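Printed here is upload-v7.pdb (PDB, C-alpha atoms and all ligand atoms):
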ATOM      1  CA  PRO A   1     -17.682 -17.162-120.368  1.00  0.00           C
ATOM      2  CA  THR A   2     -15.317 -19.995-121.223  1.00  0.00           C
ATOM      3  CA  VAL A   3     -12.108 -20.632-119.312  1.00  0.00           C
ATOM      4  CA  TYR A   4      -9.299 -22.871-120.545  1.00  0.00           C
ATOM      5  CA  PHE A   5      -7.307 -24.704-117.903  1.00  0.00           C
ATOM      6  CA  VAL A   6      -3.915 -26.024-118.974  1.00  0.00           C
ATOM      7  CA  ASP A   7      -2.055 -28.519-116.810  1.00  0.00           C
ATOM      8  CA  ALA A   8       1.713 -28.794-116.407  1.00  0.00           C
ATOM      9  CA  ASP A   9       1.828 -31.373-119.203  1.00  0.00           C
ATOM     10  CA  GLY A  10       0.060 -29.072-121.630  1.00  0.00           C
ATOM     11  CA  ASN A  11      -3.325 -30.818-121.557  1.00  0.00           C
ATOM     12  CA  GLN A  12      -6.130 -28.324-121.994  1.00  0.00           C
ATOM     13  CA  PHE A  13      -9.569 -28.479-120.375  1.00  0.00           C
ATOM     14  CA  GLU A  14     -12.434 -26.204-121.320  1.00  0.00           C
ATOM     15  CA  ALA A  15     -14.995 -24.993-118.789  1.00  0.00           C
ATOM     16  CA  THR A  16     -18.001 -22.815-119.481  1.00  0.00           C
ATOM     17  CA  VAL A  17     -19.151 -21.029-116.338  1.00  0.00           C
ATOM     18  CA  ASP A  18     -21.398 -18.189-115.216  1.00  0.00           C
ATOM     19  CA  ALA A  19     -19.973 -14.706-114.851  1.00  0.00           C
ATOM     20  CA  GLY A  20     -19.436 -14.020-111.146  1.00  0.00           C
ATOM     21  CA  THR A  21     -17.939 -17.455-110.534  1.00  0.00           C
ATOM     22  CA  ASN A  22     -14.323 -17.365-109.465  1.00  0.00           C
ATOM     23  CA  VAL A  23     -11.653 -19.341-111.299  1.00  0.00           C
ATOM     24  CA  MET A  24     -11.160 -21.793-108.407  1.00  0.00           C
ATOM     25  CA  GLU A  25     -14.898 -22.584-108.308  1.00  0.00           C
ATOM     26  CA  ALA A  26     -14.909 -22.974-112.079  1.00  0.00           C
ATOM     27  CA  ALA A  27     -12.152 -25.584-111.827  1.00  0.00           C
ATOM     28  CA  VAL A  28     -13.735 -27.467-108.920  1.00  0.00           C
ATOM     29  CA  GLU A  29     -17.221 -27.495-110.481  1.00  0.00           C
ATOM     30  CA  ASN A  30     -15.765 -28.913-113.670  1.00  0.00           C
ATOM     31  CA  PHE A  31     -13.668 -31.579-111.938  1.00  0.00           C
ATOM     32  CA  ILE A  32     -10.397 -30.137-113.123  1.00  0.00           C
ATOM     33  CA  ASP A  33      -7.635 -31.865-111.189  1.00  0.00           C
ATOM     34  CA  GLY A  34      -4.956 -29.212-110.971  1.00  0.00           C
ATOM     35  CA  ILE A  35      -6.815 -26.822-108.668  1.00  0.00           C
ATOM     36  CA  ILE A  36      -8.022 -27.949-105.265  1.00  0.00           C
ATOM     37  CA  GLY A  37      -9.411 -24.936-103.399  1.00  0.00           C
ATOM     38  CA  GLU A  38      -9.353 -26.571 -99.999  1.00  0.00           C
ATOM     39  CA  CYS A  39     -10.366 -23.498 -97.997  1.00  0.00           C
ATOM     40  CA  GLY A  40     -13.328 -22.715-100.221  1.00  0.00           C
ATOM     41  CA  GLY A  41     -11.914 -19.396-101.370  1.00  0.00           C
ATOM     42  CA  VAL A  42     -11.159 -17.583 -98.112  1.00  0.00           C
ATOM     43  CA  MET A  43      -7.449 -17.267 -98.928  1.00  0.00           C
ATOM     44  CA  SER A  44      -6.090 -19.579 -96.283  1.00  0.00           C
ATOM     45  CA  CYS A  45      -4.942 -22.623 -98.258  1.00  0.00           C
ATOM     46  CA  ALA A  46      -3.237 -21.535-101.508  1.00  0.00           C
ATOM     47  CA  THR A  47      -4.223 -24.883-103.089  1.00  0.00           C
ATOM     48  CA  CYS A  48      -5.851 -22.871-105.836  1.00  0.00           C
ATOM     49  CA  HIS A  49      -2.504 -21.543-107.096  1.00  0.00           C
ATOM     50  CA  CYS A  50      -2.344 -20.900-110.837  1.00  0.00           C
ATOM     51  CA  TYR A  51      -0.365 -18.949-113.432  1.00  0.00           C
ATOM     52  CA  ILE A  52      -1.941 -16.303-115.644  1.00  0.00           C
ATOM     53  CA  PRO A  53      -0.420 -15.713-119.104  1.00  0.00           C
ATOM     54  CA  PRO A  54       0.887 -12.163-119.706  1.00  0.00           C
ATOM     55  CA  GLU A  55      -1.806 -11.280-122.240  1.00  0.00           C
ATOM     56  CA  TRP A  56      -4.505 -11.777-119.597  1.00  0.00           C
ATOM     57  CA  GLN A  57      -2.814 -10.158-116.628  1.00  0.00           C
ATOM     58  CA  SER A  58      -3.857  -6.612-117.486  1.00  0.00           C
ATOM     59  CA  LYS A  59      -7.506  -7.676-117.672  1.00  0.00           C
ATOM     60  CA  ILE A  60      -7.528  -8.993-114.109  1.00  0.00           C
ATOM     61  CA  PRO A  61      -7.404  -6.764-111.017  1.00  0.00           C
ATOM     62  CA  ALA A  62      -4.026  -6.838-109.246  1.00  0.00           C
ATOM     63  CA  PRO A  63      -3.642  -9.158-106.260  1.00  0.00           C
ATOM     64  CA  SER A  64      -4.285  -7.849-102.756  1.00  0.00           C
ATOM     65  CA  GLU A  65      -1.499  -7.811-100.199  1.00  0.00           C
ATOM     66  CA  GLN A  66      -3.032 -10.839 -98.496  1.00  0.00           C
ATOM     67  CA  GLU A  67      -3.053 -12.740-101.772  1.00  0.00           C
ATOM     68  CA  GLU A  68       0.594 -11.851-102.384  1.00  0.00           C
ATOM     69  CA  ASP A  69       1.518 -13.063 -98.909  1.00  0.00           C
ATOM     70  CA  MET A  70      -0.169 -16.391 -99.612  1.00  0.00           C
ATOM     71  CA  ILE A  71       1.544 -16.695-102.988  1.00  0.00           C
ATOM     72  CA  ASP A  72       4.893 -16.427-101.197  1.00  0.00           C
ATOM     73  CA  MET A  73       4.017 -19.733 -99.552  1.00  0.00           C
ATOM     74  CA  VAL A  74       3.233 -21.795-102.655  1.00  0.00           C
ATOM     75  CA  LEU A  75       5.649 -24.403-103.955  1.00  0.00           C
ATOM     76  CA  GLU A  76       6.756 -22.837-107.234  1.00  0.00           C
ATOM     77  CA  PRO A  77       5.825 -19.167-107.232  1.00  0.00           C
ATOM     78  CA  GLN A  78       6.361 -17.207-110.451  1.00  0.00           C
ATOM     79  CA  ASP A  79       5.864 -13.575-111.393  1.00  0.00           C
ATOM     80  CA  ASN A  80       2.500 -14.496-112.861  1.00  0.00           C
ATOM     81  CA  SER A  81       1.293 -16.559-109.893  1.00  0.00           C
ATOM     82  CA  ARG A  82      -2.232 -15.913-108.661  1.00  0.00           C
ATOM     83  CA  LEU A  83      -4.719 -17.534-106.346  1.00  0.00           C
ATOM     84  CA  SER A  84      -7.532 -18.603-108.621  1.00  0.00           C
ATOM     85  CA  CYS A  85     -10.183 -18.080-105.921  1.00  0.00           C
ATOM     86  CA  GLN A  86      -9.413 -14.357-106.087  1.00  0.00           C
ATOM     87  CA  ILE A  87     -10.095 -14.030-109.802  1.00  0.00           C
ATOM     88  CA  GLU A  88     -13.719 -13.398-110.627  1.00  0.00           C
ATOM     89  CA  ILE A  89     -14.781 -14.432-114.093  1.00  0.00           C
ATOM     90  CA  THR A  90     -16.472 -11.665-116.024  1.00  0.00           C
ATOM     91  CA  ASP A  91     -17.744 -11.548-119.597  1.00  0.00           C
ATOM     92  CA  GLU A  92     -14.554  -9.671-120.528  1.00  0.00           C
ATOM     93  CA  LEU A  93     -12.546 -12.687-119.386  1.00  0.00           C
ATOM     94  CA  ASP A  94     -14.193 -14.991-121.914  1.00  0.00           C
ATOM     95  CA  GLY A  95     -11.426 -17.203-123.309  1.00  0.00           C
ATOM     96  CA  LEU A  96      -9.200 -16.791-120.255  1.00  0.00           C
ATOM     97  CA  VAL A  97      -6.285 -19.221-120.130  1.00  0.00           C
ATOM     98  CA  VAL A  98      -5.202 -20.486-116.699  1.00  0.00           C
ATOM     99  CA  HIS A  99      -2.064 -22.556-116.304  1.00  0.00           C
ATOM    100  CA  MET A 100      -1.861 -24.957-113.394  1.00  0.00           C
ATOM    101  CA  PRO A 101       1.251 -25.901-111.419  1.00  0.00           C
ATOM    102  CA  LYS A 102       2.640 -29.441-111.386  1.00  0.00           C
ATOM    103  CA  THR A 103       1.359 -29.919-107.869  1.00  0.00           C
ATOM    104  CA  GLN A 104      -0.592 -27.963-105.276  1.00  0.00           C
ATOM    105  CA  PHE A 105       1.413 -29.239-102.303  1.00  0.00           C
TER     106      PHE A 105
HETATM  107 FE1  LIG B   1      -7.924 -21.456-100.614  1.00  0.00          FE
HETATM  108 FE2  LIG B   1      -7.889 -19.972-102.828  1.00  0.00          FE
HETATM  109  S1  LIG B   1      -9.151 -21.624-102.354  1.00  0.00           S
HETATM  110  S2  LIG B   1      -6.678 -19.773-101.050  1.00  0.00           S
END
Could you spell out this file's structure in structure tokens?
Ligand code: FES
Amino acid sequence: PTVYFVDADGNQFEATVDAGTNVMEAAVENFIDGIIGECGGVMSCATCHCYIPPEWQSKIPAPSEQEEDMIDMVLEPQDNSRLSCQIEITDELDGLVVHMPKTQF
């Protein structure tokens, strides 16, 4: 599947990854700057914060309580905030668009 990462300035980066990869890993493996993933995906850093456009939200499982608690700690939380390490890429998510915050700190 292909994932499109869009930074805060509107620049778009395309990444083709294997199904089963999570969105944070997809960004890190493809050297996409806006997602850091410091904790390696164990939900303790929130440096993988991203925003999911409305049209994709229903295709992604809802966040766990732990994920929501972590999202409360990010710099600019929005209704569509997610931790990208918690989103597994499946074939159905081909074409997924992920918006990145201005900063992860
Ligand atoms: Fe640390 Fe997602 S990579 S919370």
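Counting all atoms listed in the file, Gln12 (chain A) has the following residues at most 12 Å away, ignoring those fewer than 6 positions along the same chain: Val3, Tyr4, Phe5, Val6, Ile32, Asp33, Gly34, Val97, Val98, His99 and Met100 of chain A.
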Grab me every residue within 6 Å of ligand LIG 1 (chain B), counting only C-alpha atoms and all ligand atoms, and send it over as a CSV table (one decimal) with C-alpha atoms, in the frame of the given file.
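Result written to pocket-v1.csv:
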chain,number,residue,atom,x,y,z
A,37,GLY,CA,-9.4,-24.9,-103.4
A,38,GLU,CA,-9.4,-26.6,-100.0
A,39,CYS,CA,-10.4,-23.5,-98.0
A,40,GLY,CA,-13.3,-22.7,-100.2
A,41,GLY,CA,-11.9,-19.4,-101.4
A,42,VAL,CA,-11.2,-17.6,-98.1
A,43,MET,CA,-7.4,-17.3,-98.9
A,44,SER,CA,-6.1,-19.6,-96.3
A,45,CYS,CA,-4.9,-22.6,-98.3
A,46,ALA,CA,-3.2,-21.5,-101.5
A,47,THR,CA,-4.2,-24.9,-103.1
A,48,CYS,CA,-5.9,-22.9,-105.8
A,83,LEU,CA,-4.7,-17.5,-106.3
A,84,SER,CA,-7.5,-18.6,-108.6
A,85,CYS,CA,-10.2,-18.1,-105.9
Min atom-atom distance to His49 (chain A) from the set A:Glu14, A:Asp9, A:Glu67, A:Glu92, counting all atoms listed in the file, belongs to A:Glu67
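When all atoms listed in the file are used to measure the gap to Ala15 (chain A), the shortest distance among A:Ile60, A:Cys50, A:Leu75, A:Val28 belongs to A:Val28.
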Practice task
Write out as JSON, numbers by chain each polymer residue whose atoms come within 8 Å of Thr90 (chain A), counting only C-alpha atoms; drop sequence neighbours fewer than 4 positions from it.
Solution key: {"A": [1, 19, 20, 94]}
Apply the PyMOL selection byres (((chain A and resi 78) around 12) and not hetatm) to the displayed file and report the matching residues as a VMD selection string.
chain A and resid 49 to 54 68 71 to 77 79 to 83 99 to 101
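CA of Phe105 (chain A) is positioned 24.2 Å from CA of Gln57 (chain A).
The coordinates place CA of Pro61 (chain A) at 23.7 Å from CA of Phe13 (chain A).
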